[in-house]
file final26.txt (compact mmCIF, C-alpha atoms and all ligand atoms)
# COMPACT_ATOMS: atom_id res chain seq x y z
CA MET A 1 0.00 0.00 0.00
CA GLN A 2 3.05 2.22 0.10
CA ASN A 3 2.54 3.29 -3.49
CA VAL A 4 -0.65 5.17 -2.54
CA ILE A 5 1.27 8.04 -0.97
CA GLN A 6 4.52 8.87 -2.73
CA PHE A 7 7.44 9.69 -0.48
CA PRO A 8 11.06 9.91 -1.57
CA TYR A 9 12.13 7.93 1.49
CA VAL A 10 10.11 4.80 2.11
CA ALA A 11 12.60 3.07 4.31
CA SER A 12 10.65 2.90 7.55
CA PRO A 13 8.07 0.18 8.08
CA THR A 14 4.34 0.67 7.76
CA GLN A 15 2.79 -0.81 10.88
CA PRO A 16 -0.92 -1.54 10.90
CA VAL A 17 -3.28 0.74 12.76
CA ALA A 18 -5.97 -0.92 14.85
CA HIS A 19 -9.36 0.63 14.19
CA TYR A 20 -12.03 -0.76 16.52
CA ILE A 21 -15.67 0.03 15.91
CA ARG A 22 -17.97 -0.02 18.91
CA LEU A 23 -21.28 -1.43 17.68
CA GLY A 24 -22.97 0.42 20.52
CA GLU A 25 -26.35 0.16 22.13
CA SER A 26 -28.83 1.54 19.67
CA GLY A 27 -29.24 1.66 15.93
CA TYR A 28 -27.65 -1.74 15.37
CA GLN A 29 -30.13 -2.46 12.59
CA LYS A 30 -28.65 0.52 10.74
CA LEU A 31 -25.19 -0.91 11.28
CA ALA A 32 -26.37 -4.31 10.06
CA ASN A 33 -27.73 -2.64 6.92
CA LEU A 34 -24.48 -0.75 6.45
CA HIS A 35 -22.54 -3.97 6.79
CA ALA A 36 -24.83 -5.81 4.39
CA ALA A 37 -24.27 -3.01 1.86
CA GLY A 38 -20.52 -3.38 2.23
CA ARG A 39 -20.25 0.01 3.93
CA LEU A 40 -18.98 -1.16 7.30
CA PRO A 41 -15.60 -2.72 6.48
CA ALA A 42 -14.71 -3.10 10.16
CA THR A 43 -11.97 -5.62 10.88
CA ARG A 44 -12.17 -5.15 14.66
CA VAL A 45 -15.37 -4.58 16.61
CA VAL A 46 -16.43 -4.17 20.23
CA VAL A 47 -19.79 -5.63 21.24
CA ASP A 48 -21.58 -4.82 24.47
CA ALA A 49 -22.67 -7.79 26.59
CA SER A 50 -25.94 -5.91 27.05
CA ARG A 51 -26.72 -5.94 23.33
CA LEU A 52 -25.01 -9.01 21.93
CA LYS A 53 -28.30 -10.92 21.89
CA HIS A 54 -29.62 -8.49 19.27
CA GLN A 55 -26.39 -8.28 17.30
CA LYS A 56 -25.70 -12.00 16.87
CA GLU A 57 -26.22 -12.01 13.11
CA LEU A 58 -24.16 -8.92 12.49
CA VAL A 59 -21.36 -10.25 14.68
CA ALA A 60 -21.47 -13.65 12.95
CA SER A 61 -21.29 -11.95 9.58
CA LEU A 62 -18.35 -9.77 10.67
CA LYS A 63 -16.60 -12.84 12.08
CA ALA A 64 -17.11 -14.74 8.86
CA LYS A 65 -15.23 -11.97 7.10
CA GLY A 66 -12.38 -12.35 9.58
CA ALA A 67 -13.14 -9.53 12.01
CA GLU A 68 -11.83 -9.68 15.56
CA VAL A 69 -14.62 -9.46 18.13
CA VAL A 70 -14.04 -7.95 21.58
CA LEU A 71 -16.62 -8.17 24.37
CA ASP A 72 -17.33 -5.21 26.67
CA THR A 73 -18.80 -6.54 29.93
CA LYS A 74 -20.31 -3.14 30.82
CA VAL A 75 -19.49 -3.64 34.51
CA ALA A 76 -18.09 -0.09 34.71
CA GLU A 77 -21.52 1.26 33.81
CA LEU A 78 -23.27 -1.34 36.00
CA SER A 79 -21.36 -0.02 39.02
CA GLY A 80 -22.28 3.61 38.34
CA VAL A 81 -25.40 5.00 40.05
CA GLU A 82 -26.19 7.09 36.98
CA ARG A 83 -25.69 4.30 34.46
CA PHE A 84 -26.70 0.94 35.90
CA GLU A 85 -30.34 1.28 34.86
CA GLY A 86 -29.47 2.25 31.29
CA TYR A 87 -28.79 -0.12 28.41
CA ALA A 88 -26.11 -1.85 30.49
CA ARG A 89 -28.85 -3.49 32.62
CA HIS A 90 -29.35 -6.06 29.84
CA ALA A 91 -25.94 -7.61 30.53
CA PRO A 92 -26.51 -11.08 32.08
CA TRP A 93 -24.62 -10.22 35.29
CA ALA A 94 -26.61 -7.02 35.94
CA GLU A 95 -29.08 -9.12 37.94
CA LEU A 96 -26.42 -9.75 40.59
CA GLY A 97 -27.02 -6.19 41.79
CA GLY A 98 -30.68 -6.95 42.56
CA GLY A 99 -31.84 -3.62 41.14
CA LYS A 100 -28.84 -1.73 42.50
CA PRO A 101 -25.40 -0.92 41.11
CA LEU A 102 -22.73 -3.64 41.35
CA THR A 103 -20.40 -3.11 44.31
CA PRO A 104 -16.82 -4.21 45.05
CA ASN A 105 -18.28 -7.29 46.79
CA HIS A 106 -19.63 -8.54 43.48
CA PHE A 107 -16.04 -8.76 42.25
CA ASP A 108 -14.80 -10.90 45.09
CA PRO A 109 -13.06 -13.79 43.26
CA VAL A 110 -14.36 -16.36 45.73
CA ALA A 111 -17.97 -15.13 45.95
CA ALA A 112 -20.61 -17.79 45.28
CA HIS A 113 -22.26 -15.98 42.35
CA ASP A 114 -19.00 -16.22 40.39
CA ILE A 115 -19.31 -13.22 38.09
CA PHE A 116 -16.07 -14.18 36.36
CA GLY A 117 -17.44 -17.62 35.50
CA MET A 118 -20.58 -15.97 34.09
CA ILE A 119 -18.50 -13.65 31.92
CA ALA A 120 -16.21 -16.47 30.79
CA ARG A 121 -19.10 -18.75 29.79
CA PHE A 122 -20.87 -15.90 27.99
CA ALA A 123 -17.67 -15.07 26.09
CA GLY A 124 -17.23 -18.72 25.13
CA GLU A 125 -20.84 -19.19 24.03
CA HIS A 126 -20.64 -16.16 21.76
CA GLY A 127 -17.27 -16.99 20.29
CA VAL A 128 -15.58 -13.67 21.03
CA ASP A 129 -11.84 -13.34 20.47
CA ALA A 130 -11.13 -11.16 23.50
CA VAL A 131 -12.86 -9.78 26.59
CA LEU A 132 -12.33 -6.35 28.08
CA ALA A 133 -11.47 -7.08 31.71
CA PRO A 134 -14.34 -6.10 34.04
CA THR A 135 -12.82 -2.84 35.26
CA HIS A 136 -14.23 0.40 36.67
CA PHE A 137 -13.89 4.16 36.58
CA VAL A 138 -10.93 4.69 38.91
CA GLY A 139 -11.98 8.33 39.41
CA ASP A 140 -15.15 7.26 41.24
CA PRO A 141 -15.29 9.63 44.25
CA THR A 142 -17.53 7.23 46.19
CA TYR A 143 -15.04 4.35 46.10
CA THR A 144 -11.31 4.80 45.62
CA GLY A 145 -10.37 1.14 45.69
CA TRP A 146 -11.52 0.09 42.22
CA PHE A 147 -8.05 -0.09 40.71
CA LYS A 148 -7.00 -2.75 43.23
CA VAL A 149 -10.28 -4.64 42.80
CA ASP A 150 -9.92 -4.52 39.02
CA GLN A 151 -6.40 -5.93 39.04
CA ALA A 152 -7.68 -8.93 41.00
CA SER A 153 -10.66 -9.18 38.62
CA CYS A 154 -8.35 -9.34 35.61
CA ARG A 155 -6.52 -12.32 37.13
CA ALA A 156 -9.79 -13.94 38.21
CA LEU A 157 -11.21 -13.62 34.70
CA ARG A 158 -8.10 -15.29 33.24
CA GLY A 159 -8.60 -18.18 35.64
CA ALA A 160 -12.30 -18.43 34.78
CA LEU A 161 -11.68 -18.36 31.03
CA ASP A 162 -9.07 -21.09 31.34
CA ARG A 163 -11.43 -23.19 33.49
CA GLU A 164 -14.47 -22.70 31.25
CA GLY A 165 -12.81 -23.75 28.01
CA GLY A 166 -11.88 -20.23 26.96
CA ALA A 167 -8.10 -20.52 27.21
CA HIS A 168 -7.87 -19.20 23.63
CA ILE A 169 -9.86 -16.07 24.52
CA ALA A 170 -7.62 -13.08 25.21
CA ILE A 171 -8.11 -10.34 27.80
CA ASP A 172 -7.57 -6.63 27.18
CA TYR A 173 -7.41 -4.23 30.12
CA PRO A 174 -9.52 -1.06 30.02
CA LEU A 175 -8.03 1.67 32.19
CA ILE A 176 -10.97 4.03 32.73
CA ALA A 177 -9.57 7.15 34.36
CA PRO A 178 -9.91 10.94 34.48
CA HIS A 179 -7.76 12.33 31.69
CA THR A 180 -6.04 14.60 34.21
CA SER A 181 -4.84 11.59 36.21
CA LEU A 182 -3.11 10.24 33.11
CA ASN A 183 -1.15 13.50 32.85
CA ASP A 184 -0.01 13.25 36.46
CA ASP A 185 3.42 11.60 36.70
CA ALA A 186 2.83 10.16 40.17
CA LEU A 187 -0.59 8.72 39.31
CA ARG A 188 0.67 7.38 36.00
CA SER A 189 3.47 5.59 37.84
CA GLU A 190 0.84 3.98 40.05
CA PHE A 191 -1.06 2.82 36.98
CA LEU A 192 2.11 1.44 35.43
CA ALA A 193 3.02 -0.41 38.63
CA GLY A 194 -0.47 -1.90 38.97
CA LEU A 195 -0.71 -2.95 35.33
CA GLY A 196 2.76 -4.43 35.14
CA ASP A 197 2.21 -8.15 35.29
CA LEU A 198 -1.47 -8.73 34.74
CA PRO A 199 -2.55 -11.32 32.16
CA TYR A 200 -3.69 -9.11 29.26
CA ASP A 201 -2.71 -8.30 25.67
CA ASN A 202 -3.61 -4.67 25.04
CA LEU A 203 -4.17 -1.69 27.30
CA TRP A 204 -7.32 0.28 26.48
CA VAL A 205 -7.36 3.83 27.79
CA ARG A 206 -10.77 5.42 28.28
CA ALA A 207 -9.95 8.96 29.35
CA SER A 208 -12.84 10.64 31.13
CA GLY A 209 -13.41 14.29 30.24
CA PHE A 210 -11.59 13.79 26.97
CA GLY A 211 -12.52 13.17 23.36
CA ASN A 212 -12.92 14.38 19.81
CA ASP A 213 -13.75 17.90 21.02
CA ALA A 214 -10.64 18.30 23.20
CA GLY A 215 -8.72 21.56 22.96
CA PRO A 216 -5.14 21.86 21.67
CA LEU A 217 -3.40 21.88 25.04
CA THR A 218 -5.46 18.99 26.44
CA THR A 219 -4.79 17.01 23.27
CA LYS A 220 -1.05 17.63 23.46
CA ARG A 221 -1.02 16.52 27.11
CA PHE A 222 -2.94 13.38 26.22
CA LEU A 223 -0.45 12.49 23.50
CA VAL A 224 2.44 12.94 25.91
CA ALA A 225 0.61 10.91 28.59
CA MET A 226 0.04 8.03 26.15
CA ALA A 227 3.74 8.00 25.26
CA GLY A 228 4.35 7.78 29.02
CA LEU A 229 2.55 4.41 29.05
CA HIS A 230 4.84 2.82 26.46
CA ASN A 231 7.10 1.39 29.17
CA LEU A 232 4.42 -1.22 29.81
CA GLY A 233 5.46 -2.77 26.52
CA LYS A 234 1.81 -3.32 25.57
CA PRO A 235 -0.09 -2.06 22.54
CA ILE A 236 -2.37 0.84 23.54
CA ILE A 237 -5.90 1.53 22.30
CA ALA A 238 -7.47 4.93 22.85
CA ASP A 239 -11.08 3.99 23.61
CA TYR A 240 -14.05 6.30 22.96
CA LEU A 241 -11.88 8.55 20.86
CA GLY A 242 -12.63 9.75 17.35
CA GLY A 243 -12.19 12.74 15.10
CA LEU A 244 -9.03 14.68 14.50
CA VAL A 245 -7.85 14.03 18.06
CA GLY A 246 -8.07 10.28 17.54
CA GLN A 247 -6.27 10.53 14.22
CA ALA A 248 -3.56 12.69 15.83
CA SER A 249 -3.01 9.98 18.47
CA LEU A 250 -2.47 7.46 15.67
CA ALA A 251 -0.36 9.77 13.51
CA PHE A 252 1.98 10.52 16.40
CA GLY A 253 2.20 6.81 17.12
CA VAL A 254 1.45 7.29 20.81
CA VAL A 255 -1.30 4.67 20.54
CA SER A 256 -1.53 1.49 18.47
CA GLY A 257 -5.20 1.94 17.72
CA ILE A 258 -8.41 3.79 18.47
CA SER A 259 -11.94 2.68 19.23
CA HIS A 260 -15.19 4.57 18.71
CA GLY A 261 -18.74 4.14 17.48
CA VAL A 262 -20.22 5.12 14.16
CA GLY A 263 -20.89 8.81 14.66
CA GLU A 264 -20.95 8.29 18.44
CA LYS A 265 -18.77 7.32 21.40
CA GLU A 266 -16.01 9.61 20.19
CA ARG A 267 -15.56 11.17 23.61
CA PHE A 268 -16.04 9.92 27.15
CA ASP A 269 -17.15 11.36 30.45
CA ALA A 270 -17.78 9.54 33.71
CA HIS A 271 -17.65 12.51 36.07
CA SER A 272 -21.35 12.21 36.99
CA TRP A 273 -21.62 8.41 37.07
CA HIS A 274 -21.85 8.40 40.88
CA LYS A 275 -24.91 10.68 40.83
CA PRO A 276 -28.55 9.65 40.24
CA ALA A 277 -29.53 9.62 36.56
CA ALA A 278 -31.41 12.60 35.23
CA LYS A 279 -34.92 11.70 34.11
CA ASN A 280 -35.33 10.77 30.44
CA ASP A 281 -31.62 10.80 29.87
CA ASN A 282 -31.51 7.29 28.50
CA GLY A 283 -29.61 7.06 25.25
CA SER A 284 -30.01 9.43 22.35
CA PHE A 285 -33.81 9.70 22.42
CA GLY A 286 -34.99 13.15 21.45
CA ARG A 287 -31.57 14.41 20.45
CA ALA A 288 -31.38 16.04 17.03
CA THR A 289 -29.61 14.03 14.36
CA ARG A 290 -26.08 15.25 13.93
CA ILE A 291 -24.12 15.17 10.74
CA PHE A 292 -20.35 14.93 10.48
CA VAL A 293 -18.80 17.71 8.40
CA ALA A 294 -15.50 16.05 7.57
CA GLY A 295 -13.85 19.22 6.27
CA ILE A 296 -14.03 20.98 9.63
CA ASP A 297 -14.04 17.90 11.90
CA ARG A 298 -17.31 18.83 13.60
CA SER A 299 -20.87 17.58 13.69
CA VAL A 300 -23.82 19.89 13.20
CA THR A 301 -27.60 19.53 13.03
CA ILE A 302 -29.37 19.13 9.69
CA ASN A 303 -30.68 22.70 9.97
CA GLU A 304 -27.20 24.06 10.64
CA LEU A 305 -25.78 22.07 7.75
CA GLU A 306 -28.41 23.36 5.35
CA LEU A 307 -27.97 26.94 6.57
CA MET A 308 -24.23 26.69 5.88
CA ALA A 309 -24.82 25.09 2.48
CA ASN A 310 -27.24 27.89 1.53
CA ALA A 311 -24.72 30.63 2.39
CA LYS A 312 -22.66 32.07 -0.46
CA GLY A 313 -19.63 29.85 -0.96
CA GLY A 314 -20.84 27.47 1.74
CA ARG A 315 -22.03 24.50 -0.26
CA ARG A 316 -18.61 23.35 -1.43
CA LEU A 317 -17.23 23.68 2.10
CA VAL A 318 -19.78 21.53 3.89
CA THR A 319 -21.00 19.12 1.22
CA CYS A 320 -19.55 15.63 0.98
CA CYS A 321 -17.93 15.71 -2.45
CA ASP A 322 -16.88 12.08 -2.27
CA ARG A 323 -19.00 10.28 -4.90
CA ALA A 324 -18.17 6.90 -3.45
CA CYS A 325 -19.52 8.11 -0.10
CA CYS A 326 -22.48 10.34 -0.95
CA ALA A 327 -23.25 9.94 -4.67
CA HIS A 328 -25.81 12.75 -4.63
CA GLY A 329 -24.00 15.05 -2.24
CA LEU A 330 -25.87 16.79 0.55
CA LYS A 331 -29.11 14.89 0.00
CA ASP A 332 -27.41 11.54 0.60
CA THR A 333 -25.51 12.83 3.62
CA ILE A 334 -28.74 14.01 5.26
CA ASN A 335 -30.59 10.81 4.34
CA ASP A 336 -28.01 8.59 5.97
CA PRO A 337 -25.64 10.43 8.33
CA ARG A 338 -24.30 7.15 9.76
CA GLN A 339 -23.25 5.81 6.39
CA HIS A 340 -21.46 9.08 5.69
CA ALA A 341 -19.78 9.18 9.12
CA ALA A 342 -18.69 5.54 8.82
CA TYR A 343 -17.30 5.97 5.32
CA GLN A 344 -15.38 9.13 6.18
CA ASN A 345 -13.91 7.53 9.30
CA PHE A 346 -12.72 4.38 7.56
CA LYS A 347 -11.30 6.41 4.70
CA MET A 348 -9.27 8.77 6.90
CA ILE A 349 -7.84 6.02 9.08
CA ALA A 350 -6.99 3.81 6.09
CA GLU A 351 -5.25 6.71 4.41
CA LEU A 352 -3.16 7.36 7.51
CA ALA A 353 -2.38 3.67 7.93
CA ALA A 354 -0.93 3.54 4.41
CA VAL A 355 1.78 6.06 5.31
CA PRO A 356 5.07 4.64 6.68
CA ASP A 357 5.23 5.12 10.47
CA GLN A 358 8.00 7.67 10.58
CA ASN A 359 6.27 9.91 8.04
CA ARG A 360 2.84 9.87 9.64
CA GLU A 361 3.25 12.92 11.89
CA GLN A 362 4.42 15.18 9.10
CA HIS A 363 1.87 13.75 6.68
CA PHE A 364 -0.94 14.35 9.15
CA LEU A 365 0.17 17.91 9.99
CA ASN A 366 0.62 18.96 6.35
CA GLY A 367 -2.49 17.13 5.25
CA ARG A 368 -5.53 16.60 7.42
CA THR A 369 -4.72 19.04 10.25
CA SER A 370 -3.81 21.94 7.95
CA GLU A 371 -6.85 21.25 5.82
CA VAL A 372 -9.24 21.29 8.78
CA ALA A 373 -7.69 24.53 10.09
CA ARG A 374 -8.03 26.14 6.65
CA GLN A 375 -11.61 25.01 6.06
CA ALA A 376 -12.70 25.96 9.60
CA TRP A 377 -11.32 29.43 8.85
CA GLN A 378 -13.30 29.61 5.62
CA VAL A 379 -16.50 28.35 7.22
CA LYS A 380 -16.39 30.94 10.02
CA ASN A 381 -16.39 33.66 7.33
CA LEU A 382 -19.69 32.47 5.85
CA ARG A 383 -22.48 35.06 5.96
CA PHE A 384 -25.80 33.47 6.74
CA ASP A 385 -29.22 34.50 5.45
CA ILE A 386 -31.11 35.94 8.43
CA ASP A 387 -34.52 34.77 7.21
CA ASP A 388 -33.25 31.29 6.45
CA ALA A 389 -31.73 31.12 9.95
CA ALA A 390 -34.93 32.40 11.59
CA ALA A 391 -37.01 29.80 9.75
CA ARG A 392 -34.64 27.15 11.07
CA LYS A 393 -34.71 28.59 14.60
CA ILE A 394 -30.97 29.18 14.57
CA ASP A 395 -29.49 32.14 16.44
CA VAL A 396 -27.03 33.47 13.84
CA ALA A 397 -24.89 35.35 16.34
CA GLN A 398 -24.50 32.28 18.54
CA PHE A 399 -23.89 29.93 15.65
CA THR A 400 -21.30 32.25 14.09
CA LYS A 401 -19.55 32.52 17.44
CA ARG A 402 -19.33 28.74 17.64
CA LEU A 403 -17.78 28.63 14.19
CA VAL A 404 -15.32 31.42 15.06
CA ASP A 405 -14.32 29.61 18.25
CA HIS A 406 -13.90 26.37 16.36
CA SER A 407 -11.72 28.06 13.77
CA LYS A 408 -9.50 29.53 16.50
CA GLN A 409 -9.28 26.15 18.18
CA MET A 410 -8.28 24.37 14.97
CA GLY A 411 -5.62 27.00 14.27
CA LYS A 412 -4.21 26.48 17.73
CA MET A 413 -4.47 22.72 17.35
CA LEU A 414 -2.29 22.83 14.25
CA GLN A 415 0.25 25.01 16.08
CA SER A 416 0.20 22.85 19.17
CA LEU A 417 0.72 19.62 17.22
CA GLU A 418 3.49 21.19 15.15
CA ASP A 419 5.24 22.23 18.36
CA LEU A 420 4.97 18.70 19.70
CA HIS A 421 6.26 17.29 16.42
CA GLU A 422 9.31 19.57 16.56
CA SER A 423 10.06 18.85 20.20
CA ARG A 424 9.80 15.07 19.67
CA GLY A 425 11.99 15.07 16.61
CA ARG A 426 12.08 12.46 13.88
CA GLY A 427 12.14 8.86 14.96
CA ALA A 428 10.37 9.32 18.31
CA PRO A 429 9.40 5.98 19.87
CA ARG A 430 6.03 4.61 18.86
CA ALA A 431 3.49 2.42 20.64
CA ARG A 432 3.87 -1.30 20.13
CA PRO A 433 2.01 -2.55 17.06
CA ILE A 434 -1.01 -4.67 17.82
CA ALA A 435 -1.64 -8.25 16.76
CA MET A 436 -4.86 -9.53 15.22
CA ARG A 437 -6.63 -12.18 17.27
CA HIS A 438 -8.87 -14.38 15.21
CA ALA A 439 -8.97 -17.54 13.17
CA ASN A 440 -7.41 -15.86 10.12
CA GLN A 441 -4.44 -14.61 12.08
CA GLY A 442 -1.40 -14.09 9.91
CA LYS A 443 -3.32 -13.55 6.70
CA GLY A 444 -3.72 -9.82 7.30
CA LYS A 445 -1.76 -7.27 5.36
CA ALA A 446 -0.32 -3.92 6.34
CA GLY A 447 -2.82 -1.14 6.56
CA SER A 448 -5.84 -0.27 8.60
CA GLN A 449 -6.89 -3.35 10.52
ZN ZN B 1 -20.42 11.35 2.44

call {"tool": "encode", "arguments": {"input": "final26.txt", "output": "structure tokens", "more": "lines below"}}
Ligand SMILES: [Zn+2]
result
Amino acid sequence: MQNVIQFPYVASPTQPVAHYIRLGESGYQKLANLHAAGRLPATRVVVDASRLKHQKELVASLKAKGAEVVLDTKVAELSGVERFEGYARHAPWAELGGGKPLTPNHFDPVAAHDIFGMIARFAGEHGVDAVLAPTHFVGDPTYTGWFKVDQASCRALRGALDREGGAHIAIDYPLIAPHTSLNDDALRSEFLAGLGDLPYDNLWVRASGFGNDAGPLTTKRFLVAMAGLHNLGKPIIADYLGGLVGQASLAFGVVSGISHGVGEKERFDAHSWHKPAAKNDNGSFGRATRIFVAGIDRSVTINELELMANAKGGRRLVTCCDRACCAHGLKDTINDPRQHAAYQNFKMIAELAAVPDQNREQHFLNGRTSEVARQAWQVKNLRFDIDDAAARKIDVAQFTKRLVDHSKQMGKMLQSLEDLHESRGRGAPRARPIAMRHANQGKGKAGSQ
């Protein structure tokens, strides 16, 4: 694939990039349709234990095409006061809580209910390739002992898998932590010490308060923090991370892969998990459909998208011009925002994965990052039709301010990443490449996997 992007020096290797797609809780029929239409070329997926029952066919079909399937037990959500009654409640082990969140006692390796056996049998029955260890949000202010509990759980799950005929099933370890704690040298050392000799393949980092909308400084700190985890010697997956920030993490080689949903789960926040759930805040019900504008790396509502497209010079900036993605432009994008989001995501990651490792930073800065900064600058200069905006119930002043702020942020992002690139220098160490874990292992080729 090295002939796709021409570089005068193609001496460095091109390591694969792991691109996990979280199938998520809702809209799986849409994903099944996308897959059936050949528009969901995922080679690695994460399925929630709470939804697997409804996604069996899709998962079987993905597996048949050689995809790696990773199970999320959802126990982090099941232990959160705000979350345990949401979609996660459909996970088989939710019942152990008896209508309440799961507590540290439920993760006692010698307890009679044997949650690890339940998880191991479920994983075996559904033929998954790996299980995310049943870990928790270590920033939970109501219980500070989760990290210790989770380390024991990881070992207990290994034992249970081996006992229940799942010796071939791998474990990955999700470290779910406030993003600020990852930046803290002392706390990071604690994480490194605790994660040192647990039985797992890949470290997944779910940084709370962080995601595709992170600012330039926060992003830079995250990249540095991820590089600070390389001493573990494990491949690293940035979980719940999409957009330009996710691509930057890959381009800089600080992570081996990223994981996000299709147009969702591109950021993560657990800061209110210990509080009672707000009424009617279950899933995406009632939220306006959002559409990914690839050129500026932001999602907007249909009304906002149309307002921008109607402005002078706006259409070419916000319309998907990729015929293979949206054959009829704006109309197709609005008709099927998920298909568009999925296609754009796969395309951008595959393009990055085709670039030799040592050239990825420069390629990403000169290409995607510069382009987003330039287009965000152009979009903020659009002049909107007041009547059109009023009819769409959009406050022009507010909307323009958002676009101006975004443009500033993208300009600073480019600067911030360029600074980091210069300070790291060429040949900075990169995260360990990740292996594929499924029946077709070894048949894969370089590229986005
Ligand atoms: Zn499109």

call {"tool": "residues_near_ligand", "arguments": {"input": "final26.txt", "ligand": "ligand ZN 1 (chain B)", "cutoff": "10 Å", "atoms": "all atoms listed in the file", "output": "list in words"}}
result
Ile291, Phe292, Val293, Ala294, Thr319, Cys320, Cys321, Asp322, Arg323, Ala324, Cys325, Cys326, Ala327, His328, Gly329, Leu330, Lys331, Asp332, Thr333, Ile334, Asp336, Pro337, Arg338, Gln339, His340, Ala341, Ala342, Tyr343 and Gln344 of chain A

call {"tool": "write_last_selection", "arguments": {"input": "final26.txt", "atoms": "C-alpha atoms", "output": "short mmCIF file (atom, residue, chain, number, x, y, z; two decimals), in the coordinates of the input"}}
result
data_model
loop_
_atom_site.label_atom_id
_atom_site.label_comp_id
_atom_site.auth_asym_id
_atom_site.auth_seq_id
_atom_site.Cartn_x
_atom_site.Cartn_y
_atom_site.Cartn_z
CA ILE A 291 -24.12 15.17 10.74
CA PHE A 292 -20.35 14.93 10.48
CA VAL A 293 -18.80 17.71 8.40
CA ALA A 294 -15.50 16.05 7.57
CA THR A 319 -21.00 19.12 1.22
CA CYS A 320 -19.55 15.63 0.98
CA CYS A 321 -17.93 15.71 -2.45
CA ASP A 322 -16.88 12.08 -2.27
CA ARG A 323 -19.00 10.28 -4.90
CA ALA A 324 -18.17 6.90 -3.45
CA CYS A 325 -19.52 8.11 -0.10
CA CYS A 326 -22.48 10.34 -0.95
CA ALA A 327 -23.25 9.94 -4.67
CA HIS A 328 -25.81 12.75 -4.63
CA GLY A 329 -24.00 15.05 -2.24
CA LEU A 330 -25.87 16.79 0.55
CA LYS A 331 -29.11 14.89 0.00
CA ASP A 332 -27.41 11.54 0.60
CA THR A 333 -25.51 12.83 3.62
CA ILE A 334 -28.74 14.01 5.26
CA ASP A 336 -28.01 8.59 5.97
CA PRO A 337 -25.64 10.43 8.33
CA ARG A 338 -24.30 7.15 9.76
CA GLN A 339 -23.25 5.81 6.39
CA HIS A 340 -21.46 9.08 5.69
CA ALA A 341 -19.78 9.18 9.12
CA ALA A 342 -18.69 5.54 8.82
CA TYR A 343 -17.30 5.97 5.32
CA GLN A 344 -15.38 9.13 6.18
#

call {"tool": "residues_around", "arguments": {"input": "final26.txt", "residues": "region 371-381 of chain A", "least_positions_apart": "5", "cutoff": "12 Å", "atoms": "only C-alpha atoms", "output": "PyMOL selection string"}}
result
chain A and resi 243-245+293-298+305+307-309+311-319+363-366+396-415

call {"tool": "axis_aligned_box", "arguments": {"input": "final26.txt", "around": "region 404-420 of chain A", "padding_each_side": "6 Å", "output": "lines of an AutoDock Vina configuration file"}}
result
center_x = -5.0
center_y = 25.1
center_z = 16.7
size_x = 32.6
size_y = 24.7
size_z = 17.9

call {"tool": "closest_residue", "arguments": {"input": "final26.txt", "among": "A:Arg424, A:His271, A:His438, A:Arg121", "to": "Leu223 (chain A)", "atoms": "all atoms listed in the file"}}
result
A:Arg424

call {"tool": "closest_residue", "arguments": {"input": "final26.txt", "among": "A:Gly209, A:Pro41, A:Gly246, A:Pro235", "to": "Ala435 (chain A)", "atoms": "all atoms listed in the file"}}
result
A:Pro235

call {"tool": "residues_around", "arguments": {"input": "final26.txt", "residues": "Gly166 (chain A)", "least_positions_apart": "6", "cutoff": "8 Å", "atoms": "only C-alpha atoms", "output": "PyMOL selection string"}}
result
chain A and resi 120-121+123-124

call {"tool": "closest_residue", "arguments": {"input": "final26.txt", "among": "A:Ala60, A:Ile119, A:Leu78, A:Leu352", "to": "Pro101 (chain A)", "atoms": "only C-alpha atoms"}}
result
A:Leu78

call {"tool": "atom_distance", "arguments": {"input": "final26.txt", "atom1": "CA of Leu40 (chain A)", "atom2": "CA of Ile434 (chain A)"}}
result
21.1 Å

call {"tool": "residues_near_point", "arguments": {"input": "final26.txt", "point": "(6.5, 18.5, 17.3)", "cutoff": "12 Å", "atoms": "all atoms listed in the file", "output": "list in words"}}
result
Lys220, Leu223, Val224, Ala248, Ala251, Phe252, Glu361, Gln362, Phe364, Leu365, Met413, Leu414, Gln415, Ser416, Leu417, Glu418, Asp419, Leu420, His421, Glu422, Ser423, Arg424, Gly425, Arg426, Gly427 and Ala428 of chain A

call {"tool": "closest_residue", "arguments": {"input": "final26.txt", "among": "A:Ala88, A:Ile176, A:Val128, A:Ala207", "to": "Arg221 (chain A)", "atoms": "all atoms listed in the file"}}
result
A:Ala207

call {"tool": "atom_distance", "arguments": {"input": "final26.txt", "atom1": "CA of Thr14 (chain A)", "atom2": "CA of Gln358 (chain A)"}}
result
8.4 Å

call {"tool": "atom_distance", "arguments": {"input": "final26.txt", "atom1": "CA of Pro356 (chain A)", "atom2": "CA of Pro16 (chain A)"}}
result
9.6 Å

call {"tool": "closest_residue", "arguments": {"input": "final26.txt", "among": "A:Ala112, A:Leu203, A:Val69, A:Ala49", "to": "Tyr87 (chain A)", "atoms": "all atoms listed in the file"}}
result
A:Ala49

call {"tool": "residues_around", "arguments": {"input": "final26.txt", "residues": "Arg158 (chain A)", "least_positions_apart": "6", "cutoff": "10 Å", "atoms": "only C-alpha atoms", "output": "list in words"}}
result
Phe116, Gly117, Ala120, Val131, Ala133, Glu164, Gly166, Ala167, Ile169, Ala170, Ile171, Leu198, Pro199 and Tyr200 of chain A

call {"tool": "closest_residue", "arguments": {"input": "final26.txt", "among": "A:Ile258, A:Met118, A:Leu175, A:Ala389", "to": "Val46 (chain A)", "atoms": "all atoms listed in the file"}}
result
A:Ile258

call {"tool": "residues_near_point", "arguments": {"input": "final26.txt", "point": "(-21.6, -7.6, 19.7)", "cutoff": "10 Å", "atoms": "all atoms listed in the file", "output": "VMD selection string"}}
result
chain A and resid 22 to 25 28 45 to 60 62 69 to 72 126 128
